[in-house]
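Colleague: Structure: entry.pdb, PDB, C-alpha atoms, pLDDT in the B column.
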ATOM      1  CA  MET A 150     -68.669 -28.728  14.299  1.00 48.00           C
ATOM      2  CA  ASP A 151     -66.170 -31.384  15.371  1.00 51.00           C
ATOM      3  CA  MET A 152     -63.515 -32.284  12.788  1.00 51.00           C
ATOM      4  CA  THR A 153     -63.217 -35.900  11.772  1.00 53.00           C
ATOM      5  CA  LYS A 154     -59.891 -37.634  12.174  1.00 52.00           C
ATOM      6  CA  GLU A 155     -59.427 -37.507   8.416  1.00 52.00           C
ATOM      7  CA  ASP A 156     -60.080 -33.751   8.355  1.00 52.00           C
ATOM      8  CA  GLN A 157     -57.597 -33.207  11.192  1.00 54.00           C
ATOM      9  CA  LYS A 158     -54.967 -35.174   9.310  1.00 51.00           C
ATOM     10  CA  VAL A 159     -55.465 -33.087   6.155  1.00 45.00           C
ATOM     11  CA  THR A 160     -55.207 -29.878   8.210  1.00 52.00           C
ATOM     12  CA  GLU A 161     -51.983 -31.022   9.861  1.00 54.00           C
ATOM     13  CA  ILE A 162     -50.438 -31.909   6.499  1.00 49.00           C
ATOM     14  CA  SER A 163     -51.459 -28.535   5.047  1.00 50.00           C
ATOM     15  CA  THR A 164     -50.020 -26.660   8.041  1.00 53.00           C
ATOM     16  CA  SER A 165     -46.763 -28.626   7.852  1.00 53.00           C
ATOM     17  CA  THR A 166     -46.424 -27.949   4.108  1.00 50.00           C
ATOM     18  CA  GLU A 167     -47.002 -24.235   4.622  1.00 53.00           C
ATOM     19  CA  THR A 168     -44.416 -24.124   7.425  1.00 54.00           C
ATOM     20  CA  ASP A 169     -41.820 -25.941   5.278  1.00 56.00           C
ATOM     21  CA  SER A 170     -42.501 -23.556   2.390  1.00 54.00           C
ATOM     22  CA  LYS A 171     -41.934 -20.513   4.607  1.00 51.00           C
ATOM     23  CA  LYS A 172     -38.755 -22.069   5.987  1.00 51.00           C
ATOM     24  CA  ARG A 173     -37.344 -22.714   2.509  1.00 53.00           C
ATOM     25  CA  LYS A 174     -38.176 -19.146   1.450  1.00 50.00           C
ATOM     26  CA  LEU A 175     -36.384 -17.773   4.520  1.00 51.00           C
ATOM     27  CA  GLU A 176     -33.325 -19.918   3.795  1.00 53.00           C
ATOM     28  CA  ASP A 177     -33.279 -18.726   0.191  1.00 52.00           C
ATOM     29  CA  GLU A 178     -33.342 -15.093   1.320  1.00 51.00           C
ATOM     30  CA  THR A 179     -30.596 -15.608   3.937  1.00 50.00           C
ATOM     31  CA  PRO A 180     -27.023 -15.270   2.547  1.00 50.00           C
ATOM     32  CA  ASN A 181     -25.043 -18.479   2.733  1.00 52.00           C
ATOM     33  CA  PRO A 182     -21.351 -17.788   3.445  1.00 47.00           C
ATOM     34  CA  ASN A 183     -20.430 -21.209   2.019  1.00 50.00           C
ATOM     35  CA  LYS A 184     -22.221 -20.587  -1.251  1.00 44.00           C
ATOM     36  CA  LYS A 185     -20.142 -19.094  -4.056  1.00 43.00           C
ATOM     37  CA  GLN A 186     -21.509 -15.706  -4.945  1.00 44.00           C
ATOM     38  CA  SER A 187     -21.546 -14.116  -8.375  1.00 35.00           C
ATOM     39  CA  THR A 188     -18.543 -11.880  -9.011  1.00 34.00           C
ATOM     40  CA  THR A 189     -20.409  -9.535 -11.350  1.00 30.00           C
ATOM     41  CA  GLU A 190     -21.660  -7.144  -8.678  1.00 34.00           C
ATOM     42  CA  PRO A 191     -18.354  -6.735  -6.754  1.00 30.00           C
ATOM     43  CA  GLU A 192     -16.519  -6.067 -10.019  1.00 31.00           C
ATOM     44  CA  GLN A 193     -19.005  -3.327 -10.884  1.00 35.00           C
ATOM     45  CA  ILE A 194     -18.587  -1.805  -7.420  1.00 29.00           C
ATOM     46  CA  ASP A 195     -14.807  -1.880  -7.750  1.00 38.00           C
ATOM     47  CA  ASP A 196     -15.032  -0.076 -11.088  1.00 37.00           C
ATOM     48  CA  GLU A 197     -17.316   2.551  -9.597  1.00 40.00           C
ATOM     49  CA  GLU A 198     -15.009   3.036  -6.619  1.00 41.00           C
ATOM     50  CA  ASP A 199     -11.982   3.437  -8.885  1.00 51.00           C
ATOM     51  CA  GLU A 200     -13.810   6.069 -10.944  1.00 48.00           C
ATOM     52  CA  GLU A 201     -14.781   7.797  -7.720  1.00 48.00           C
ATOM     53  CA  GLU A 202     -11.165   7.828  -6.503  1.00 65.00           C
ATOM     54  CA  ILE A 203      -9.837   9.642  -9.552  1.00 75.00           C
ATOM     55  CA  ARG A 204     -12.888  11.777 -10.322  1.00 66.00           C
ATOM     56  CA  ASN A 205     -10.946  15.040  -9.783  1.00 78.00           C
ATOM     57  CA  VAL A 206      -8.284  14.191 -12.375  1.00 88.00           C
ATOM     58  CA  PRO A 207      -8.882  15.003 -16.073  1.00 89.00           C
ATOM     59  CA  ASN A 208      -9.185  11.774 -18.070  1.00 91.00           C
ATOM     60  CA  GLU A 209      -6.265  12.671 -20.301  1.00 93.00           C
ATOM     61  CA  LEU A 210      -3.984  12.975 -17.256  1.00 95.00           C
ATOM     62  CA  VAL A 211      -4.962   9.763 -15.454  1.00 95.00           C
ATOM     63  CA  ILE A 212      -1.912   7.510 -15.035  1.00 95.00           C
ATOM     64  CA  SER A 213      -2.622   3.794 -15.399  1.00 93.00           C
ATOM     65  CA  LEU A 214      -0.615   0.694 -14.579  1.00 91.00           C
ATOM     66  CA  GLU A 215       0.010   0.262 -18.299  1.00 91.00           C
ATOM     67  CA  ASP A 216       1.529   3.748 -18.425  1.00 93.00           C
ATOM     68  CA  ILE A 217       4.025   2.787 -15.726  1.00 93.00           C
ATOM     69  CA  SER A 218       5.304  -0.051 -17.904  1.00 89.00           C
ATOM     70  CA  LEU A 219       6.762   2.735 -20.111  1.00 91.00           C
ATOM     71  CA  LYS A 220       5.513   1.363 -23.410  1.00 90.00           C
ATOM     72  CA  ASP A 221       5.215   4.913 -24.727  1.00 94.00           C
ATOM     73  CA  ILE A 222       7.788   7.093 -22.961  1.00 95.00           C
ATOM     74  CA  PRO A 223       7.123  10.343 -24.892  1.00 96.00           C
ATOM     75  CA  SER A 224       3.392  10.201 -24.200  1.00 96.00           C
ATOM     76  CA  ILE A 225       3.600   9.257 -20.517  1.00 96.00           C
ATOM     77  CA  SER A 226       6.426  11.744 -19.892  1.00 97.00           C
ATOM     78  CA  MET A 227       4.240  14.591 -21.147  1.00 97.00           C
ATOM     79  CA  LYS A 228       1.294  13.292 -19.133  1.00 97.00           C
ATOM     80  CA  ALA A 229       3.411  13.344 -15.953  1.00 97.00           C
ATOM     81  CA  ASN A 230       4.699  16.822 -16.828  1.00 98.00           C
ATOM     82  CA  LYS A 231       1.170  18.184 -17.250  1.00 97.00           C
ATOM     83  CA  TYR A 232      -0.183  16.535 -14.103  1.00 97.00           C
ATOM     84  CA  ILE A 233       2.628  17.959 -11.945  1.00 97.00           C
ATOM     85  CA  LYS A 234       1.915  21.387 -13.414  1.00 97.00           C
ATOM     86  CA  THR A 235      -1.780  20.876 -12.591  1.00 96.00           C
ATOM     87  CA  ILE A 236      -0.892  20.332  -8.932  1.00 96.00           C
ATOM     88  CA  LEU A 237       1.356  23.412  -8.966  1.00 97.00           C
ATOM     89  CA  TYR A 238      -1.417  25.474 -10.562  1.00 95.00           C
ATOM     90  CA  HIS A 239      -3.851  24.354  -7.868  1.00 95.00           C
ATOM     91  CA  TRP A 240      -1.284  25.175  -5.189  1.00 96.00           C
ATOM     92  CA  ASP A 241      -0.810  28.636  -6.702  1.00 95.00           C
ATOM     93  CA  SER A 242      -4.572  29.251  -6.629  1.00 93.00           C
ATOM     94  CA  THR A 243      -4.753  28.404  -2.915  1.00 92.00           C
ATOM     95  CA  SER A 244      -1.685  30.335  -1.781  1.00 91.00           C
ATOM     96  CA  LYS A 245      -2.938  33.831  -2.570  1.00 87.00           C
ATOM     97  CA  GLY A 246      -2.251  36.107   0.381  1.00 87.00           C
ATOM     98  CA  ASN A 247      -0.174  33.455   2.169  1.00 92.00           C
ATOM     99  CA  LYS A 248       3.465  34.528   1.882  1.00 92.00           C
ATOM    100  CA  GLU A 249       4.886  31.392   3.497  1.00 93.00           C
ATOM    101  CA  SER A 250       2.947  29.126   1.140  1.00 93.00           C
ATOM    102  CA  SER A 251       3.808  31.305  -1.877  1.00 94.00           C
ATOM    103  CA  ASP A 252       7.518  31.282  -1.037  1.00 95.00           C
ATOM    104  CA  LEU A 253       7.501  27.497  -0.595  1.00 96.00           C
ATOM    105  CA  LEU A 254       5.647  27.118  -3.886  1.00 96.00           C
ATOM    106  CA  LEU A 255       8.175  29.311  -5.701  1.00 96.00           C
ATOM    107  CA  ASP A 256      11.084  27.260  -4.350  1.00 97.00           C
ATOM    108  CA  THR A 257       9.246  24.053  -5.287  1.00 97.00           C
ATOM    109  CA  LYS A 258       8.745  25.271  -8.862  1.00 97.00           C
ATOM    110  CA  ARG A 259      12.433  26.131  -9.169  1.00 97.00           C
ATOM    111  CA  SER A 260      13.433  22.735  -7.811  1.00 97.00           C
ATOM    112  CA  LEU A 261      11.102  20.857 -10.152  1.00 97.00           C
ATOM    113  CA  PHE A 262      12.036  22.826 -13.264  1.00 97.00           C
ATOM    114  CA  PRO A 263      15.046  20.661 -14.352  1.00 96.00           C
ATOM    115  CA  MET A 264      12.990  17.489 -13.990  1.00 97.00           C
ATOM    116  CA  LEU A 265      10.030  18.994 -15.884  1.00 97.00           C
ATOM    117  CA  VAL A 266      12.419  19.899 -18.698  1.00 97.00           C
ATOM    118  CA  GLN A 267      13.677  16.300 -18.773  1.00 97.00           C
ATOM    119  CA  LEU A 268      10.085  15.059 -18.948  1.00 97.00           C
ATOM    120  CA  ARG A 269       9.340  17.438 -21.811  1.00 96.00           C
ATOM    121  CA  LYS A 270      12.445  16.198 -23.656  1.00 96.00           C
ATOM    122  CA  HIS A 271      11.609  12.564 -22.759  1.00 95.00           C
ATOM    123  CA  ASN A 272      15.068  11.913 -21.332  1.00 95.00           C
ATOM    124  CA  LEU A 273      14.455  11.403 -17.605  1.00 95.00           C
ATOM    125  CA  GLU A 274      16.334   8.273 -16.481  1.00 92.00           C
ATOM    126  CA  GLU A 275      13.898   5.353 -16.839  1.00 92.00           C
ATOM    127  CA  SER A 276      14.155   4.046 -13.280  1.00 91.00           C
ATOM    128  CA  GLN A 277      13.465   7.553 -11.964  1.00 93.00           C
ATOM    129  CA  LEU A 278      10.574   7.954 -14.404  1.00 95.00           C
ATOM    130  CA  THR A 279       9.036   4.673 -13.236  1.00 94.00           C
ATOM    131  CA  SER A 280       9.235   5.765  -9.586  1.00 94.00           C
ATOM    132  CA  LEU A 281       7.914   9.240 -10.395  1.00 96.00           C
ATOM    133  CA  LEU A 282       4.941   7.769 -12.269  1.00 96.00           C
ATOM    134  CA  THR A 283       4.233   5.424  -9.367  1.00 96.00           C
ATOM    135  CA  ILE A 284       4.116   8.402  -6.975  1.00 97.00           C
ATOM    136  CA  LEU A 285       1.699  10.243  -9.273  1.00 97.00           C
ATOM    137  CA  TYR A 286      -0.367   7.068  -9.745  1.00 96.00           C
ATOM    138  CA  HIS A 287      -0.932   6.856  -5.983  1.00 96.00           C
ATOM    139  CA  LEU A 288      -1.552  10.591  -5.621  1.00 95.00           C
ATOM    140  CA  GLN A 289      -4.334  10.464  -8.194  1.00 95.00           C
ATOM    141  CA  ARG A 290      -6.043   7.802  -6.107  1.00 94.00           C
ATOM    142  CA  SER A 291      -5.463   9.611  -2.795  1.00 93.00           C
ATOM    143  CA  GLN A 292      -3.167   6.797  -1.618  1.00 94.00           C
ATOM    144  CA  HIS A 293      -0.799   9.157   0.122  1.00 94.00           C
ATOM    145  CA  ASN A 294       0.929   6.579   2.308  1.00 95.00           C
ATOM    146  CA  LYS A 295       1.797   4.529  -0.765  1.00 95.00           C
ATOM    147  CA  ALA A 296       2.945   7.680  -2.555  1.00 96.00           C
ATOM    148  CA  LEU A 297       5.232   8.400   0.389  1.00 96.00           C
ATOM    149  CA  GLU A 298       6.625   4.866   0.316  1.00 95.00           C
ATOM    150  CA  SER A 299       7.348   5.275  -3.401  1.00 95.00           C
ATOM    151  CA  TYR A 300       9.026   8.611  -2.698  1.00 95.00           C
ATOM    152  CA  MET A 301      11.303   6.953  -0.148  1.00 94.00           C
ATOM    153  CA  LYS A 302      12.278   4.264  -2.675  1.00 92.00           C
ATOM    154  CA  LEU A 303      12.995   6.955  -5.256  1.00 92.00           C
ATOM    155  CA  SER A 304      15.192   8.792  -2.751  1.00 91.00           C
ATOM    156  CA  ILE A 305      17.376   5.808  -1.866  1.00 90.00           C
ATOM    157  CA  GLY A 306      17.678   4.622  -5.454  1.00 86.00           C
ATOM    158  CA  ASN A 307      15.250   1.701  -5.582  1.00 86.00           C
ATOM    159  CA  VAL A 308      12.651   1.462  -8.329  1.00 86.00           C
ATOM    160  CA  ALA A 309       9.122   1.925  -7.000  1.00 84.00           C
ATOM    161  CA  TRP A 310       6.549  -0.167  -8.856  1.00 83.00           C
ATOM    162  CA  PRO A 311       2.923  -0.400  -7.755  1.00 80.00           C
ATOM    163  CA  ILE A 312       1.487  -3.896  -7.288  1.00 69.00           C
ATOM    164  CA  GLY A 313       0.595  -5.408 -10.644  1.00 59.00           C
ATOM    165  CA  VAL A 314       3.407  -3.889 -12.678  1.00 61.00           C
ATOM    166  CA  VAL A 315       6.620  -5.648 -11.659  1.00 51.00           C
ATOM    167  CA  SER A 316       5.706  -9.014 -13.142  1.00 42.00           C
ATOM    168  CA  VAL A 317       4.757  -7.595 -16.541  1.00 42.00           C
ATOM    169  CA  SER A 318       7.079  -4.620 -16.728  1.00 42.00           C
ATOM    170  CA  ILE A 319       9.594  -4.334 -19.519  1.00 43.00           C
ATOM    171  CA  HIS A 320      12.035  -3.217 -16.833  1.00 45.00           C
ATOM    172  CA  ALA A 321      12.860  -6.695 -15.588  1.00 44.00           C
ATOM    173  CA  ARG A 322      16.384  -6.143 -16.790  1.00 43.00           C
ATOM    174  CA  SER A 323      19.737  -6.890 -15.268  1.00 40.00           C
ATOM    175  CA  ARG A 324      20.558  -3.191 -15.113  1.00 44.00           C
ATOM    176  CA  ASP A 325      17.855  -2.697 -12.512  1.00 46.00           C
ATOM    177  CA  SER A 326      19.765  -4.845 -10.055  1.00 42.00           C
ATOM    178  CA  LYS A 327      22.323  -2.047  -9.874  1.00 45.00           C
ATOM    179  CA  LEU A 328      19.703   0.185  -8.276  1.00 43.00           C
ATOM    180  CA  PHE A 329      19.540  -1.903  -5.138  1.00 42.00           C
ATOM    181  CA  GLY A 330      22.348  -1.109  -2.777  1.00 47.00           C
ATOM    182  CA  GLY A 331      23.775   1.438  -5.205  1.00 56.00           C
ATOM    183  CA  LYS A 332      24.100   5.185  -4.923  1.00 64.00           C
ATOM    184  CA  ALA A 333      21.001   6.975  -3.669  1.00 73.00           C
ATOM    185  CA  ASN A 334      19.294   9.242  -6.186  1.00 73.00           C
ATOM    186  CA  ILE A 335      19.411  12.175  -3.778  1.00 62.00           C
ATOM    187  CA  MET A 336      23.215  11.853  -3.772  1.00 68.00           C
ATOM    188  CA  ILE A 337      23.626  11.960  -7.563  1.00 78.00           C
ATOM    189  CA  ASP A 338      23.743  15.751  -7.824  1.00 86.00           C
ATOM    190  CA  GLU A 339      22.138  18.864  -6.356  1.00 91.00           C
ATOM    191  CA  LYS A 340      19.511  19.254  -9.087  1.00 93.00           C
ATOM    192  CA  THR A 341      18.310  15.672  -8.653  1.00 93.00           C
ATOM    193  CA  ARG A 342      18.236  16.024  -4.867  1.00 93.00           C
ATOM    194  CA  ARG A 343      16.179  19.205  -5.111  1.00 95.00           C
ATOM    195  CA  TRP A 344      13.479  17.857  -7.430  1.00 96.00           C
ATOM    196  CA  ILE A 345      13.141  14.640  -5.445  1.00 95.00           C
ATOM    197  CA  THR A 346      12.746  16.685  -2.249  1.00 95.00           C
ATOM    198  CA  ALA A 347      10.198  18.876  -4.052  1.00 97.00           C
ATOM    199  CA  MET A 348       8.115  15.778  -4.833  1.00 97.00           C
ATOM    200  CA  LYS A 349       7.739  15.234  -1.091  1.00 96.00           C
ATOM    201  CA  ARG A 350       6.209  18.713  -0.896  1.00 97.00           C
ATOM    202  CA  LEU A 351       3.716  17.819  -3.630  1.00 96.00           C
ATOM    203  CA  ILE A 352       2.700  14.715  -1.703  1.00 97.00           C
ATOM    204  CA  THR A 353       2.177  16.778   1.457  1.00 96.00           C
ATOM    205  CA  TYR A 354       0.207  19.448  -0.419  1.00 96.00           C
ATOM    206  CA  SER A 355      -1.953  16.872  -2.218  1.00 94.00           C
ATOM    207  CA  GLU A 356      -2.801  15.092   1.014  1.00 93.00           C
ATOM    208  CA  LYS A 357      -3.980  18.305   2.646  1.00 91.00           C
ATOM    209  CA  ASN A 358      -5.680  19.983  -0.296  1.00 89.00           C
ATOM    210  CA  LEU A 359      -6.541  17.495  -3.052  1.00 82.00           C
ATOM    211  CA  GLN A 360      -8.679  14.969  -1.200  1.00 67.00           C
TER
END
Could you write out this file's structure as structure tokens?
Modeller:
Amino acid sequence: MDMTKEDQKVTEISTSTETDSKKRKLEDETPNPNKKQSTTEPEQIDDEEDEEEIRNVPNELVISLEDISLKDIPSISMKANKYIKTILYHWDSTSKGNKESSDLLLDTKRSLFPMLVQLRKHNLEESQLTSLLTILYHLQRSQHNKALESYMKLSIGNVAWPIGVVSVSIHARSRDSKLFGGKANIMIDEKTRRWITAMKRLITYSEKNLQ
């Protein structure tokens, strides 16, 4: 049966409406780079990724940015002491039957001992404690390059703060200016040089074995 002109017009309008509807649906489903997206989902992903990064560290030993501000020196000093011992314990468990690794571990323990005592007594120099905590902060998150950068700053006598701490740290004091261009920490005395060098070994061990 032939369609009247009026029927053809109605059909064309219906087809056009259906096409426009499909087009709008497709546009709605296609991401628009110029449209501001909700920040809820990325924030949740970031939180999940951060938890994933430090999943192998006991909660009570996780070092946060707030810890590095040294608001509670006795507490964070003991936390650093225990975490370093955790790494040494893990190293000991993996060096069985390997004389070279065992000998290096023994020398590392001896070198770290004076610093661990200072942490236990809460009297490690604050600039050194800040840098040490920053190294451990990066190690816990498998950021070994950043840990190495912090180690280098510790060695030459500069304070190593992770991003997000400098602006709010209680250490924005005039005394800190003396650390820049002053005497390198590794030149202070033999004990200090040895424990700083031993921290480099912990970074190397962590990178290879604590991924």
Colleague: Could you tell me which residues the PyMOL selection byres ((chain A and resi 348) around 9) returns for this structure, as a list in words?
Modeller: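 For this structure, the PyMOL selection byres ((chain A and resi 348) around 9) captures Thr257, Leu261, Leu281, Ile284, Tyr300, Arg343, Trp344, Ile345, Thr346, Ala347, Lys349, Arg350, Leu351, Ile352 and Thr353 of chain A.
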Colleague: One decimal, in Å: what's the spacing between atom CA of A:Ser224 and atom CA of A:Gln289?
Modeller: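 These two atoms are separated by 17.8 Å.
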Colleague: Report as number ranges by chain all protein, DNA and RNA residues lying within 12 Å of A:Leu282, evaluated on all atoms listed in the file, omitting residues in the same chain fewer than 4 positions from it.
Modeller: A: 210-219, 222, 225-230, 232-233, 268, 273, 275-278, 286-289, 296, 299-300, 303, 308-311, 314, 348
Colleague: Just to be explicit: take each residue in the selection above, keep C-alpha atoms, and write the result as an mmCIF file, in the coordinates of the input.
Modeller:
data_model
loop_
_atom_site.group_PDB
_atom_site.id
_atom_site.type_symbol
_atom_site.label_atom_id
_atom_site.label_comp_id
_atom_site.auth_asym_id
_atom_site.auth_seq_id
_atom_site.Cartn_x
_atom_site.Cartn_y
_atom_site.Cartn_z
ATOM 1 C CA LEU A 210 -3.984 12.975 -17.256
ATOM 2 C CA VAL A 211 -4.962 9.763 -15.454
ATOM 3 C CA ILE A 212 -1.912 7.510 -15.035
ATOM 4 C CA SER A 213 -2.622 3.794 -15.399
ATOM 5 C CA LEU A 214 -0.615 0.694 -14.579
ATOM 6 C CA GLU A 215 0.010 0.262 -18.299
ATOM 7 C CA ASP A 216 1.529 3.748 -18.425
ATOM 8 C CA ILE A 217 4.025 2.787 -15.726
ATOM 9 C CA SER A 218 5.304 -0.051 -17.904
ATOM 10 C CA LEU A 219 6.762 2.735 -20.111
ATOM 11 C CA ILE A 222 7.788 7.093 -22.961
ATOM 12 C CA ILE A 225 3.600 9.257 -20.517
ATOM 13 C CA SER A 226 6.426 11.744 -19.892
ATOM 14 C CA MET A 227 4.240 14.591 -21.147
ATOM 15 C CA LYS A 228 1.294 13.292 -19.133
ATOM 16 C CA ALA A 229 3.411 13.344 -15.953
ATOM 17 C CA ASN A 230 4.699 16.822 -16.828
ATOM 18 C CA TYR A 232 -0.183 16.535 -14.103
ATOM 19 C CA ILE A 233 2.628 17.959 -11.945
ATOM 20 C CA LEU A 268 10.085 15.059 -18.948
ATOM 21 C CA LEU A 273 14.455 11.403 -17.605
ATOM 22 C CA GLU A 275 13.898 5.353 -16.839
ATOM 23 C CA SER A 276 14.155 4.046 -13.280
ATOM 24 C CA GLN A 277 13.465 7.553 -11.964
ATOM 25 C CA LEU A 278 10.574 7.954 -14.404
ATOM 26 C CA TYR A 286 -0.367 7.068 -9.745
ATOM 27 C CA HIS A 287 -0.932 6.856 -5.983
ATOM 28 C CA LEU A 288 -1.552 10.591 -5.621
ATOM 29 C CA GLN A 289 -4.334 10.464 -8.194
ATOM 30 C CA ALA A 296 2.945 7.680 -2.555
ATOM 31 C CA SER A 299 7.348 5.275 -3.401
ATOM 32 C CA TYR A 300 9.026 8.611 -2.698
ATOM 33 C CA LEU A 303 12.995 6.955 -5.256
ATOM 34 C CA VAL A 308 12.651 1.462 -8.329
ATOM 35 C CA ALA A 309 9.122 1.925 -7.000
ATOM 36 C CA TRP A 310 6.549 -0.167 -8.856
ATOM 37 C CA PRO A 311 2.923 -0.400 -7.755
ATOM 38 C CA VAL A 314 3.407 -3.889 -12.678
ATOM 39 C CA MET A 348 8.115 15.778 -4.833
#
Colleague: Have a look at A:His271, A:Asn334, A:Ser355, A:Arg290 and name the one nearest to A:Lys302; count only C-alpha atoms.
Modeller: A:Asn334
Colleague: Have a look at atom CA of A:Leu359 and atom CA of A:Lys231 and let me know their distance in Å, one decimal.
Modeller: 16.2 Å
Colleague: My list of candidates is A:Asn205, A:Asn358, A:Ser251, A:Ser242. Which is closest to A:His293 when distances are computed with all atoms listed in the file?
Modeller: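 Using all atoms listed in the file, the shortest distance to A:His293 belongs to A:Asn358.
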Colleague: Separation of atom CA of A:Val206 and atom CA of A:Ser304, in Å?
Modeller: 25.9 Å
Colleague: Write out as a list in words each polymer residue whose atoms come within 12 Å of A:Thr243, counting only C-alpha atoms; drop sequence neighbours fewer than 4 positions from it.
Modeller: Ile236, Leu237, Tyr238, His239, Asn247, Lys248, Glu249, Ser250, Ser251, Leu254, Tyr354, Ser355, Lys357, Asn358 and Leu359 of chain A
Colleague: Between A:Ile337, A:Leu297, A:Ile305, A:Leu285, which has the minimum distance to A:Thr235 (counting only C-alpha atoms)?
Modeller: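 Checking each of A:Ile337, A:Leu297, A:Ile305, A:Leu285 against A:Thr235, counting only C-alpha atoms, the winner is A:Leu285.
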